[in-house]
Structures are given as structure tokens and as C-alpha cells.
>>> print(open('input24.txt').read())   # compact mmCIF, C-alpha atoms
# COMPACT_ATOMS: atom_id res chain seq x y z
CA MET A 13 25.29 -1.26 -14.94
CA THR A 14 22.73 -0.53 -17.65
CA GLU A 15 19.34 0.58 -16.43
CA GLN A 16 17.66 -2.57 -17.74
CA LYS A 17 19.94 -4.64 -15.48
CA LEU A 18 19.37 -2.47 -12.43
CA PHE A 19 17.02 -4.88 -10.67
CA GLU A 20 19.33 -7.87 -11.15
CA ASN A 21 21.72 -6.56 -8.49
CA THR A 22 21.00 -8.99 -5.65
CA GLU A 23 23.91 -7.80 -3.53
CA VAL A 24 22.21 -4.38 -3.14
CA ALA A 25 18.72 -5.91 -2.97
CA PHE A 26 19.48 -8.19 -0.01
CA ARG A 27 22.30 -6.27 1.64
CA LEU A 28 20.33 -5.88 4.88
CA LYS A 29 19.46 -9.57 5.16
CA SER A 30 21.63 -11.88 7.23
CA ASP A 31 22.28 -15.37 5.85
CA SER A 32 19.57 -16.81 8.10
CA GLU A 33 17.05 -14.13 7.02
CA LEU A 34 17.89 -14.89 3.40
CA GLU A 35 17.27 -18.60 4.01
CA ARG A 36 13.96 -17.84 5.74
CA ALA A 37 12.84 -15.67 2.80
CA TYR A 38 13.76 -18.43 0.34
CA PHE A 39 11.86 -21.01 2.41
CA LEU A 40 8.75 -18.77 2.66
CA PHE A 41 8.53 -17.99 -1.05
CA LYS A 42 9.10 -21.67 -1.83
CA MET A 43 6.07 -22.46 0.36
CA ILE A 44 3.99 -19.63 -1.11
CA SER A 45 4.69 -20.89 -4.64
CA ASN A 46 2.69 -24.02 -3.81
CA GLU A 47 -1.01 -23.10 -4.10
CA PRO A 48 -2.48 -26.16 -2.33
CA LEU A 49 0.01 -25.65 0.49
CA VAL A 50 -1.09 -22.00 0.89
CA ARG A 51 -4.74 -23.10 1.09
CA ILE A 52 -3.97 -25.79 3.69
CA GLY A 53 -1.65 -23.48 5.65
CA THR A 54 -4.25 -20.70 5.69
CA ALA A 55 -6.99 -23.02 6.97
CA ALA A 56 -4.69 -24.58 9.58
CA THR A 57 -3.48 -21.18 10.81
CA ASN A 58 -7.03 -19.82 11.10
CA PHE A 59 -8.10 -22.93 13.00
CA ALA A 60 -5.09 -22.80 15.35
CA LEU A 61 -5.65 -19.13 16.19
CA LYS A 62 -9.38 -19.57 16.76
CA ALA A 63 -8.72 -22.59 18.96
CA HIS A 64 -6.10 -20.56 20.90
CA LEU A 65 -3.39 -23.11 20.12
CA PRO A 66 0.13 -21.87 20.94
CA VAL A 67 1.16 -21.06 17.35
CA GLU A 68 1.82 -17.32 17.63
CA GLY A 69 5.52 -17.87 18.34
CA LEU A 70 5.90 -19.95 15.18
CA ILE A 71 3.96 -17.42 13.07
CA ARG A 72 6.01 -14.58 14.55
CA ALA A 73 9.32 -16.28 13.76
CA THR A 74 8.41 -17.03 10.14
CA VAL A 75 5.78 -15.28 8.05
CA PHE A 76 5.06 -12.40 10.50
CA ASP A 77 8.66 -11.24 10.87
CA HIS A 78 9.18 -11.48 7.10
CA PHE A 79 6.15 -9.36 6.11
CA CYS A 80 5.64 -7.17 9.24
CA GLY A 81 7.70 -4.69 11.22
CA GLY A 82 6.49 -5.69 14.69
CA VAL A 83 3.52 -5.85 17.05
CA ASN A 84 3.53 -2.10 17.79
CA GLU A 85 5.22 1.04 16.44
CA ASP A 86 8.15 0.93 18.91
CA ASP A 87 8.75 -2.68 17.95
CA CYS A 88 9.18 -1.47 14.33
CA LEU A 89 11.98 1.01 15.12
CA PRO A 90 14.95 -1.34 14.48
CA VAL A 91 13.48 -2.28 11.06
CA ILE A 92 12.75 1.38 10.22
CA ASP A 93 16.30 2.47 11.14
CA LYS A 94 17.90 -0.45 9.34
CA MET A 95 16.04 0.26 6.08
CA TYR A 96 16.71 3.98 6.33
CA SER A 97 20.44 3.25 6.55
CA ALA A 98 20.04 1.98 2.95
CA GLY A 99 17.97 5.01 1.90
CA VAL A 100 14.55 3.35 2.14
CA SER A 101 11.85 5.13 4.17
CA SER A 102 8.92 3.46 5.95
CA VAL A 103 5.16 3.89 5.78
CA LEU A 104 3.85 2.40 9.02
CA ASP A 105 0.63 0.54 8.27
CA TYR A 106 -1.55 -0.46 11.22
CA SER A 107 -2.86 -3.63 9.56
CA VAL A 108 -5.59 -4.68 11.96
CA GLU A 109 -8.70 -5.58 9.96
CA GLY A 110 -12.31 -6.53 10.47
CA LYS A 111 -13.29 -4.21 13.33
CA ALA A 112 -16.69 -2.56 12.99
CA ILE A 113 -17.64 -0.79 16.22
CA GLU A 114 -17.28 2.86 17.17
CA SER A 115 -14.73 2.32 19.94
CA HIS A 116 -12.46 0.48 17.48
CA PHE A 117 -12.78 3.29 14.92
CA ASP A 118 -11.85 5.85 17.59
CA GLU A 119 -8.95 3.66 18.63
CA ALA A 120 -7.74 3.34 15.02
CA ALA A 121 -7.96 7.13 14.51
CA GLN A 122 -5.94 7.69 17.70
CA LYS A 123 -3.38 5.15 16.44
CA ILE A 124 -2.98 7.08 13.15
CA ILE A 125 -2.71 10.38 15.07
CA LYS A 126 0.01 8.81 17.22
CA LEU A 127 1.78 7.70 14.02
CA VAL A 128 1.67 11.27 12.65
CA HIS A 129 3.45 12.48 15.82
CA PHE A 130 5.82 9.51 15.56
CA SER A 131 6.55 10.36 11.89
CA GLU A 132 7.27 13.99 12.66
CA GLU A 133 10.12 12.87 14.90
CA LYS A 134 11.60 10.39 12.40
CA ASP A 135 12.98 11.48 9.03
CA ALA A 136 12.69 7.82 8.04
CA MET A 137 8.86 8.02 8.22
CA PRO A 138 7.58 10.88 6.04
CA ILE A 139 4.21 9.21 5.30
CA VAL A 140 1.33 7.56 7.22
CA VAL A 141 -1.54 5.48 5.85
CA PHE A 142 -5.06 4.40 6.76
CA LYS A 143 -8.00 2.48 5.28
CA PRO A 144 -11.37 4.27 5.03
CA THR A 145 -13.08 1.31 6.73
CA GLY A 146 -10.56 1.57 9.56
CA LEU A 147 -12.38 4.77 10.52
CA GLY A 148 -16.00 3.92 9.70
CA ARG A 149 -18.37 1.12 8.78
CA PHE A 150 -18.21 -0.27 5.24
CA TYR A 151 -22.03 -0.14 5.10
CA LEU A 152 -22.02 3.64 5.71
CA PHE A 153 -19.58 4.27 2.85
CA GLN A 154 -21.65 2.03 0.59
CA LYS A 155 -24.97 3.70 1.48
CA LYS A 156 -23.50 7.18 1.09
CA GLY A 157 -21.98 6.27 -2.30
CA GLU A 158 -25.29 4.87 -3.52
CA GLY A 159 -26.96 8.20 -2.66
CA LYS A 160 -29.37 6.63 -0.19
CA PRO A 161 -30.49 8.88 2.68
CA PHE A 162 -29.03 8.20 6.12
CA THR A 163 -31.18 7.73 9.19
CA GLN A 164 -30.57 10.32 11.91
CA ASP A 165 -28.26 7.92 13.78
CA GLU A 166 -26.38 7.04 10.62
CA GLN A 167 -25.87 10.72 9.84
CA LEU A 168 -24.37 11.26 13.30
CA GLU A 169 -22.17 8.20 12.77
CA TRP A 170 -21.04 9.51 9.36
CA ASN A 171 -20.27 12.91 10.91
CA ARG A 172 -17.91 11.11 13.32
CA VAL A 173 -16.17 9.38 10.36
CA VAL A 174 -15.66 12.78 8.70
CA GLN A 175 -14.36 14.22 11.97
CA ARG A 176 -11.81 11.40 12.29
CA TYR A 177 -10.55 12.21 8.77
CA HIS A 178 -10.25 15.91 9.69
CA ASP A 179 -8.44 15.15 12.96
CA ILE A 180 -5.81 13.11 11.09
CA CYS A 181 -5.42 15.34 8.02
CA SER A 182 -5.28 18.65 9.89
CA LEU A 183 -2.58 17.32 12.22
CA ALA A 184 -0.67 15.87 9.25
CA LYS A 185 -0.71 19.29 7.54
CA GLN A 186 0.49 20.93 10.74
CA LYS A 187 3.33 18.41 11.11
CA ASP A 188 4.12 18.21 7.36
CA VAL A 189 3.51 14.45 7.22
CA GLU A 190 1.85 13.00 4.10
CA VAL A 191 -1.26 10.82 4.47
CA LEU A 192 -2.11 7.98 2.08
CA ILE A 193 -5.75 6.84 2.08
CA ASP A 194 -5.98 3.27 0.82
CA GLY A 195 -8.45 2.12 -1.84
CA GLU A 196 -11.10 -0.53 -1.14
CA GLU A 197 -13.98 -2.30 -2.91
CA SER A 198 -15.64 -0.37 -5.76
CA TRP A 199 -19.12 -0.42 -4.19
CA MET A 200 -17.96 1.70 -1.25
CA GLN A 201 -15.25 3.66 -3.08
CA ASP A 202 -17.40 6.51 -4.46
CA ALA A 203 -18.06 7.86 -0.95
CA ALA A 204 -14.41 7.27 0.02
CA ASP A 205 -13.25 9.17 -3.10
CA GLU A 206 -15.58 12.06 -2.34
CA LEU A 207 -14.38 12.28 1.25
CA ALA A 208 -10.71 12.10 0.17
CA GLU A 209 -11.32 14.94 -2.32
CA ASP A 210 -12.96 17.00 0.45
CA MET A 211 -9.79 16.53 2.51
CA MET A 212 -7.58 17.51 -0.45
CA ARG A 213 -9.69 20.62 -1.04
CA GLU A 214 -9.10 21.67 2.56
CA TYR A 215 -5.53 20.52 3.28
CA ASN A 216 -3.76 20.45 -0.13
CA THR A 217 -3.91 24.18 -0.78
CA ASP A 218 -0.10 24.65 -0.81
CA VAL A 219 1.42 21.20 -1.17
CA PRO A 220 -0.20 17.74 -1.32
CA ILE A 221 -0.60 16.31 2.17
CA VAL A 222 -3.57 14.01 1.48
CA TYR A 223 -3.26 11.25 -1.14
CA ASN A 224 -6.14 9.12 -2.39
CA THR A 225 -5.61 5.73 -4.08
CA LEU A 226 -6.32 4.78 -7.69
CA GLN A 227 -6.73 1.03 -8.19
CA THR A 228 -5.97 0.80 -11.89
CA TYR A 229 -7.42 -2.66 -12.41
CA ARG A 230 -10.65 -0.62 -12.53
CA HIS A 231 -11.11 0.49 -16.13
CA ASP A 232 -12.67 3.85 -15.14
CA ARG A 233 -9.75 5.20 -13.10
CA LEU A 234 -7.94 7.25 -15.78
CA GLU A 235 -11.22 9.00 -16.58
CA TYR A 236 -11.79 9.60 -12.85
CA LEU A 237 -8.22 10.94 -12.48
CA LYS A 238 -8.73 13.45 -15.29
CA ALA A 239 -12.10 14.59 -13.89
CA SER A 240 -10.63 15.04 -10.39
CA HIS A 241 -7.77 17.04 -11.94
CA GLU A 242 -10.29 19.43 -13.53
CA ARG A 243 -12.10 19.84 -10.20
CA ALA A 244 -8.78 20.54 -8.42
CA LYS A 245 -7.78 23.18 -10.98
CA LYS A 246 -11.13 24.92 -10.58
CA GLY A 247 -10.94 24.66 -6.77
CA ASN A 248 -7.29 25.76 -6.69
CA TYR A 249 -5.92 22.84 -4.67
CA LYS A 250 -3.34 20.10 -5.32
CA LEU A 251 -3.99 16.39 -5.76
CA GLY A 252 -2.04 13.47 -4.32
CA TYR A 253 -2.51 9.95 -5.69
CA LYS A 254 -1.10 6.60 -4.80
CA ILE A 255 -1.46 4.38 -7.84
CA VAL A 256 -1.64 0.60 -7.53
CA ARG A 257 -2.97 -2.21 -9.67
CA GLY A 258 -5.46 -3.32 -7.00
CA ALA A 259 -6.29 -5.90 -4.36
CA TYR A 260 -9.90 -7.10 -4.67
CA MET A 261 -10.14 -8.47 -8.21
CA GLU A 262 -11.81 -11.84 -7.58
CA LYS A 263 -14.29 -10.33 -5.12
CA GLU A 264 -15.15 -7.55 -7.61
CA ARG A 265 -15.79 -9.95 -10.49
CA GLU A 266 -17.84 -12.34 -8.37
CA ARG A 267 -20.08 -9.58 -7.02
CA ALA A 268 -20.63 -8.06 -10.49
CA LYS A 269 -21.64 -11.49 -11.82
CA GLU A 270 -23.87 -12.24 -8.84
CA LYS A 271 -25.67 -8.87 -8.98
CA GLY A 272 -25.77 -8.67 -12.77
CA TYR A 273 -23.86 -5.46 -13.45
CA PRO A 274 -20.81 -4.98 -15.74
CA SER A 275 -17.55 -5.79 -13.96
CA PRO A 276 -15.56 -2.66 -13.05
CA ILE A 277 -12.35 -4.64 -13.59
CA CYS A 278 -10.19 -4.47 -16.73
CA LYS A 279 -10.70 -7.46 -19.02
CA ASP A 280 -7.16 -8.81 -18.59
CA LYS A 281 -3.72 -8.21 -17.06
CA ALA A 282 -2.38 -6.41 -20.17
CA THR A 283 -5.24 -3.87 -20.03
CA THR A 284 -4.61 -3.31 -16.31
CA ASP A 285 -0.89 -2.78 -16.98
CA ALA A 286 -1.67 -0.28 -19.75
CA ASN A 287 -4.14 1.53 -17.49
CA PHE A 288 -1.57 1.74 -14.67
CA ASN A 289 1.07 3.10 -17.06
CA ASP A 290 -1.40 5.61 -18.58
CA CYS A 291 -2.32 6.96 -15.11
CA LEU A 292 1.35 7.13 -14.22
CA THR A 293 2.19 8.99 -17.43
CA TYR A 294 -0.70 11.45 -17.00
CA ILE A 295 0.38 12.34 -13.45
CA LEU A 296 4.08 12.75 -14.27
CA HIS A 297 3.07 15.13 -17.08
CA HIS A 298 1.00 17.17 -14.58
CA LEU A 299 3.35 17.11 -11.60
CA ASN A 300 2.73 20.77 -10.79
CA ASP A 301 -0.86 19.84 -9.90
CA ILE A 302 -0.61 16.18 -8.84
CA SER A 303 1.93 14.36 -6.66
CA ILE A 304 2.34 10.60 -6.97
CA PHE A 305 3.18 7.56 -4.87
CA ILE A 306 3.92 4.75 -7.36
CA GLY A 307 2.92 1.55 -5.57
CA THR A 308 4.20 -1.23 -7.77
CA HIS A 309 6.09 -4.53 -7.76
CA ASN A 310 6.21 -4.43 -11.55
CA GLU A 311 9.67 -3.87 -12.99
CA LEU A 312 8.48 -2.58 -16.37
CA SER A 313 6.22 0.08 -14.80
CA THR A 314 9.16 1.13 -12.63
CA TYR A 315 11.45 1.45 -15.67
CA ILE A 316 8.75 3.46 -17.50
CA SER A 317 8.53 5.82 -14.48
CA MET A 318 12.31 6.27 -14.37
CA GLU A 319 12.55 6.95 -18.12
CA LEU A 320 9.68 9.45 -17.96
CA MET A 321 11.25 11.25 -15.03
CA GLN A 322 14.49 11.52 -16.99
CA ARG A 323 12.72 12.73 -20.14
CA LEU A 324 10.67 15.32 -18.22
CA ASN A 325 13.70 16.48 -16.19
CA ILE A 326 12.12 15.46 -12.90
CA ASP A 327 14.80 15.18 -10.24
CA LYS A 328 15.12 11.77 -8.56
CA THR A 329 14.76 13.42 -5.15
CA ASP A 330 11.66 15.49 -6.09
CA ASN A 331 9.29 14.96 -3.14
CA ARG A 332 6.31 14.87 -5.53
CA VAL A 333 7.38 11.42 -6.75
CA TRP A 334 7.71 8.39 -4.47
CA PHE A 335 8.08 4.70 -5.24
CA GLY A 336 6.65 2.14 -2.83
CA GLN A 337 6.63 -1.61 -2.28
CA LEU A 338 5.42 -3.87 0.52
CA TYR A 339 7.87 -4.91 3.21
CA GLY A 340 9.10 -8.44 2.59
CA MET A 341 8.58 -8.21 -1.18
CA SER A 342 10.40 -6.81 -4.22
CA ASP A 343 13.55 -5.79 -2.34
CA HIS A 344 15.33 -5.91 -5.70
CA ILE A 345 13.20 -2.92 -6.79
CA SER A 346 13.16 -0.95 -3.50
CA PHE A 347 16.83 -1.10 -2.56
CA ASN A 348 18.23 -0.73 -6.08
CA LEU A 349 16.01 2.33 -6.66
CA ALA A 350 17.16 3.82 -3.34
CA GLU A 351 20.79 3.09 -4.26
CA GLN A 352 20.21 5.19 -7.42
CA GLY A 353 18.87 8.08 -5.29
CA TYR A 354 15.10 7.82 -5.85
CA ASN A 355 12.52 8.41 -3.09
CA VAL A 356 11.49 4.94 -1.93
CA ALA A 357 9.29 3.80 0.95
CA LYS A 358 8.28 0.35 2.13
CA TYR A 359 4.77 -0.25 3.47
CA LEU A 360 5.55 -1.65 6.90
CA PRO A 361 2.54 -3.45 8.43
CA PHE A 362 2.36 -3.87 12.21
CA GLY A 363 -0.08 -4.96 14.88
CA PRO A 364 -0.73 -7.90 17.23
CA VAL A 365 0.08 -11.20 15.49
CA LYS A 366 -3.48 -12.53 15.72
CA ASP A 367 -5.05 -9.30 14.40
CA VAL A 368 -2.65 -9.01 11.46
CA MET A 369 -3.28 -12.57 10.23
CA PRO A 370 -6.02 -11.59 7.70
CA TYR A 371 -3.48 -9.21 6.12
CA LEU A 372 -0.76 -11.89 6.04
CA ILE A 373 -3.11 -14.47 4.55
CA ARG A 374 -4.04 -12.01 1.78
CA ARG A 375 -0.34 -11.45 1.08
CA ALA A 376 0.25 -15.20 0.71
CA GLU A 377 -2.82 -15.64 -1.51
CA GLU A 378 -1.93 -12.66 -3.70
CA ASN A 379 1.60 -13.94 -4.18
CA THR A 380 0.22 -17.32 -5.17
CA SER A 381 -2.20 -15.83 -7.69
CA VAL A 382 0.13 -13.26 -9.31
CA ALA A 383 1.83 -15.20 -12.05
CA GLY A 384 5.58 -14.70 -12.00
CA GLN A 385 5.80 -12.70 -8.75
CA THR A 386 6.84 -15.59 -6.52
CA SER A 387 9.09 -17.23 -9.10
CA ARG A 388 10.88 -13.90 -9.62
CA GLU A 389 11.43 -13.52 -5.86
CA LEU A 390 12.71 -17.10 -5.68
CA SER A 391 15.13 -16.73 -8.60
CA LEU A 392 16.65 -13.57 -7.07
CA LEU A 393 16.97 -15.15 -3.61
CA LYS A 394 18.58 -18.21 -5.22
CA ALA A 395 21.02 -15.96 -7.13
CA GLU A 396 22.01 -14.15 -3.91
CA ARG A 397 22.50 -17.42 -2.01
CA LYS A 398 24.78 -18.59 -4.82
CA ARG A 399 26.66 -15.26 -4.87
CA ARG A 400 27.30 -15.42 -1.11
CA LYS A 401 28.47 -19.02 -1.26
CA SER A 402 30.95 -18.26 -4.04
CA ASN A 403 32.48 -15.31 -2.12
>>> encode(input="input24.txt", output="C-alpha cells")
Amino acid sequence: MTEQKLFENTEVAFRLKSDSELERAYFLFKMISNEPLVRIGTAATNFALKAHLPVEGLIRATVFDHFCGGVNEDDCLPVIDKMYSAGVSSVLDYSVEGKAIESHFDEAAQKIIKLVHFSEEKDAMPIVVFKPTGLGRFYLFQKKGEGKPFTQDEQLEWNRVVQRYHDICSLAKQKDVEVLIDGEESWMQDAADELAEDMMREYNTDVPIVYNTLQTYRHDRLEYLKASHERAKKGNYKLGYKIVRGAYMEKERERAKEKGYPSPICKDKATTDANFNDCLTYILHHLNDISIFIGTHNELSTYISMELMQRLNIDKTDNRVWFGQLYGMSDHISFNLAEQGYNVAKYLPFGPVKDVMPYLIRRAEENTSVAGQTSRELSLLKAERKRRKSN
């Protein structure tokens, strides 16, 4: 099979799916491809959950089980083991959103610490992940990034955020488990970037344990990457970066317009793609200093990565290069890459059905808005259904 045909192999892509799971996936992406239906479904689901209607079973049997690993980490084990049998690792992602009180932040930190211990015991889980605002209030990150002084109480609160980061990262270094810190909105990201770099300075002295995220739909990220590289060389520590295109585009543009500042977002999709590929290329050329987690559902960016690795004699199994996709999406990329021997991990969200709904709704909306993503999934699922019927 030529490399350019690699992602057409639906037998490998959907090997782990039973016929009924394949049919469910086809049905879901068919629904997601209909924008008005997604809007209506989202509103109806939100209403049903708020009104405590008995819809959790239905959600669990359809969209939840397709995009999530389970309601808790133990619940995820069969999915983790099944994927690992095909060479795909898991990044357990505790996807509970919208909590903003200290007890919840402590709880989330304890959950990540538990996942680090959990990962140490499972070869299939070499990486954990958390969101900055899972460990501290958005407002604090924003205020800190804007250089505004904290009140005494806010300073104490911020110190607790920093301590939670240290508790997770120091344990991860001890257990040799990598930590991905997700990216968020640009107006809180400066403080999150600074804190992530502080963690890298402390815990990435030998090998990268802590990874920050570059959202390359922001036009300043290549410049930021190069500047952080210079700081790391001077400070004698390694960098880790997860690179993604980004998840808050509409919100970013609306806020920039509303507040009258230039949008931080690239002017169009082609510029974002070029920015992603430039960041990718820069890191692969500086792999001795920077490790990378390539978070993409884009086939072309994946091919570019593979060709670069080949050209630069980077081994497919080199732990400094990982590919990642979301569970329930782009199986044609994940499983075909794993079949070829690359390091691949799926982001595997989990949490109580009700608490994970904001995440699931965002997935549905993103799929609807990304031109070509849903139709590509549908055409591959259709091809595999046809292949199975003809066998």
C-alpha cells in the first residue's frame, strides 16, 4: 500500500468495531452532519438533563459510549485494553467542565494524581492530561496574565493552583508518566503558559515530562514556540509541546470584535494549516530539545509528519514523537498509524454522563462546523460497511 493510500484502509481502521458499533457510528455521524439537528438535539439534551428527565441511559448507549471511555477510570479499562491490543495507547481525560470552587479544584487534582498512579501500572496509558481551569479559576489566570496585582486572598488562591501543578508534575516525574496541559482561551493563556514553563524548568531537566499546548489557529504561536525554545536552551531544560489547531475560534473572534482588539486567530483555514505545519516542522528539526504530541485529525499534516520523520531519520517508535486523536474520531488515522508502528494515543474522555455533556456537545458542534470532517468519517464508515457485506 502506498503511503498516500494508508488512511483508506478501513479494515484496519475499524477492526475493533463490531457490526453494531459500526452501525451506531454511521448513525451518529449522519446525525452530526445535519447542523439544524445538532442545534435541536443540543437544546433538547440540555433541557432533559436540567429537568432530570430519564435520558441518561439513551445518551450513554449512543453518543456517550461512542466518544467516551466510561463514567470512571475503571469503567474505561476494557476500552483501554482493547485499543492497546491494536497498538493504540490511551490518554485518560477527566472531561468534567464548569466547576469553579476550591473543593472541586482539589478533587480534580486528586483525580489527576490517581490517574498518574493508574498510568504507572498500565503500559497502555503513558500520558495523563489536565486543563489549567480544572485546577484554578479562569478569572485568576486572566488577572495574572494581564499583570494585575492579586488581593491577599487571590494570592493565596493562586499559590494553591501552583501547588496543585507541582503535586501532579512531581509525581509524574517520579513515576515517569508524561503530563499534557491543555490550551484554553487566549485571554487566560499567558498565565497558563508561564506556569507550564515553570513546571518544565523544574521537571524537564532530563527528559520532557510536562507538555504545554500550542493552539496553532493563533497566529503568534510559532513566534512563541521559538522564544520558549531560546529560554529553555538558556535554562538548560527540555520542552514538551502538544500541537493542535485549536478549539475556541468563534469565541476568540467574537470577544476580539466586542472589545475592539485585533483577533489572535489566523485569517483563514489555510493560514492555520500552514502555521500548524510550520510548528510541527520546527519541533521535528529540534527534537533533541523539544518533544512533540501531534494532535491532529488532518491527514495531510499527518503525512507531512511521517515524511519529515523519514527524512530526518527519526525512528517511528521514538518516544519524543506521539500522534494523537480523539476517541470516537479519525480511527482511520489512529489505527493505520499504529499498524505502521508509530506511537499513537487516543484522548479518552470519561466522567459522569451529566458532567461530560458540555464536552460531548462541543464535539458535536465542532464536527458540524469543520468542513469535510464528518463527510470523511461517513464515507469511510460507508466503505467499511460495504466491505463487510461483500465478504
>>> atom_distance(input="input24.txt", atom1="atom CA of Ala25 of chain A", atom2="atom CA of Pro138 of chain A")
22.1 Å
>>> atom_distance(input="input24.txt", atom1="atom CA of Gly81 of chain A", atom2="atom CA of Leu360 of chain A")
5.7 Å
>>> residues_around(input="input24.txt", residues="Ile316 of chain A", least_positions_apart="2", cutoff="12 Å", atoms="all atoms listed in the file", output="ChimeraX atom specification")
/A:15-16,285-286,288-293,296,306,308,310-314,318-323
>>> closest_residue(input="input24.txt", among="A:Arg230, A:Arg72, A:Lys134, A:Lys156", to="Val365 of chain A", atoms="all atoms listed in the file")
A:Arg72
>>> closest_residue(input="input24.txt", among="A:Met369, A:Leu393, A:Ala120, A:Val67", to="Thr54 of chain A", atoms="all atoms listed in the file")
A:Met369
>>> residues_around(input="input24.txt", residues="segment 326-332 of chain A", least_positions_apart="4", cutoff="9 Å", atoms="all atoms listed in the file", output="list in words")
Pro220, Gly252, Leu296, Leu299, Asn300, Ile302, Ser303, Ile304, Phe305, Met318, Leu320, Met321, Gln322, Gln352, Gly353, Tyr354 and Asn355 of chain A
>>> build_atoms(input="input24.txt", residues="segment 154-176 of chain A", atoms="N, CA and C atoms", output="mmCIF file, in the frame of the given file")
data_model
loop_
_atom_site.group_PDB
_atom_site.id
_atom_site.type_symbol
_atom_site.label_atom_id
_atom_site.label_comp_id
_atom_site.auth_asym_id
_atom_site.auth_seq_id
_atom_site.Cartn_x
_atom_site.Cartn_y
_atom_site.Cartn_z
ATOM 1 N N GLN A 154 -20.860 2.577 1.695
ATOM 2 C CA GLN A 154 -21.650 2.030 0.590
ATOM 3 C C GLN A 154 -22.971 2.812 0.428
ATOM 4 N N LYS A 155 -23.671 3.012 1.522
ATOM 5 C CA LYS A 155 -24.970 3.700 1.480
ATOM 6 C C LYS A 155 -24.804 5.139 0.984
ATOM 7 N N LYS A 156 -23.791 5.792 1.490
ATOM 8 C CA LYS A 156 -23.500 7.180 1.090
ATOM 9 C C LYS A 156 -23.200 7.238 -0.412
ATOM 10 N N GLY A 157 -22.360 6.307 -0.882
ATOM 11 C CA GLY A 157 -21.980 6.270 -2.300
ATOM 12 C C GLY A 157 -23.151 5.971 -3.218
ATOM 13 N N GLU A 158 -24.105 5.212 -2.712
ATOM 14 C CA GLU A 158 -25.290 4.870 -3.520
ATOM 15 C C GLU A 158 -26.336 5.989 -3.483
ATOM 16 N N GLY A 159 -26.052 7.053 -2.722
ATOM 17 C CA GLY A 159 -26.960 8.200 -2.660
ATOM 18 C C GLY A 159 -28.227 7.945 -1.868
ATOM 19 N N LYS A 160 -28.189 6.925 -1.015
ATOM 20 C CA LYS A 160 -29.370 6.630 -0.190
ATOM 21 C C LYS A 160 -29.341 7.502 1.069
ATOM 22 N N PRO A 161 -30.497 7.996 1.495
ATOM 23 C CA PRO A 161 -30.490 8.880 2.680
ATOM 24 C C PRO A 161 -30.143 8.114 3.962
ATOM 25 N N PHE A 162 -29.375 8.765 4.810
ATOM 26 C CA PHE A 162 -29.030 8.200 6.120
ATOM 27 C C PHE A 162 -30.195 8.384 7.092
ATOM 28 N N THR A 163 -30.308 7.483 8.049
ATOM 29 C CA THR A 163 -31.180 7.730 9.190
ATOM 30 C C THR A 163 -30.480 8.789 10.061
ATOM 31 N N GLN A 164 -31.175 9.304 11.038
ATOM 32 C CA GLN A 164 -30.570 10.320 11.910
ATOM 33 C C GLN A 164 -29.326 9.772 12.613
ATOM 34 N N ASP A 165 -29.401 8.538 13.099
ATOM 35 C CA ASP A 165 -28.260 7.920 13.780
ATOM 36 C C ASP A 165 -27.095 7.691 12.825
ATOM 37 N N GLU A 166 -27.433 7.267 11.623
ATOM 38 C CA GLU A 166 -26.380 7.040 10.620
ATOM 39 C C GLU A 166 -25.693 8.345 10.255
ATOM 40 N N GLN A 167 -26.469 9.424 10.163
ATOM 41 C CA GLN A 167 -25.870 10.720 9.840
ATOM 42 C C GLN A 167 -24.879 11.153 10.923
ATOM 43 N N LEU A 168 -25.266 10.932 12.183
ATOM 44 C CA LEU A 168 -24.370 11.260 13.300
ATOM 45 C C LEU A 168 -23.109 10.400 13.240
ATOM 46 N N GLU A 169 -23.307 9.123 12.887
ATOM 47 C CA GLU A 169 -22.170 8.200 12.770
ATOM 48 C C GLU A 169 -21.236 8.643 11.642
ATOM 49 N N TRP A 170 -21.837 9.037 10.506
ATOM 50 C CA TRP A 170 -21.040 9.510 9.360
ATOM 51 C C TRP A 170 -20.278 10.785 9.735
ATOM 52 N N ASN A 171 -20.939 11.681 10.479
ATOM 53 C CA ASN A 171 -20.270 12.910 10.910
ATOM 54 C C ASN A 171 -19.015 12.593 11.732
ATOM 55 N N ARG A 172 -19.088 11.518 12.515
ATOM 56 C CA ARG A 172 -17.910 11.110 13.320
ATOM 57 C C ARG A 172 -16.793 10.579 12.414
ATOM 58 N N VAL A 173 -17.167 9.869 11.338
ATOM 59 C CA VAL A 173 -16.170 9.380 10.360
ATOM 60 C C VAL A 173 -15.438 10.576 9.758
ATOM 61 N N VAL A 174 -16.231 11.572 9.317
ATOM 62 C CA VAL A 174 -15.660 12.780 8.700
ATOM 63 C C VAL A 174 -14.738 13.494 9.684
ATOM 64 N N GLN A 175 -15.166 13.565 10.946
ATOM 65 C CA GLN A 175 -14.360 14.220 11.970
ATOM 66 C C GLN A 175 -13.023 13.501 12.175
ATOM 67 N N ARG A 176 -13.059 12.170 12.146
ATOM 68 C CA ARG A 176 -11.810 11.400 12.290
ATOM 69 C C ARG A 176 -10.847 11.735 11.151
#
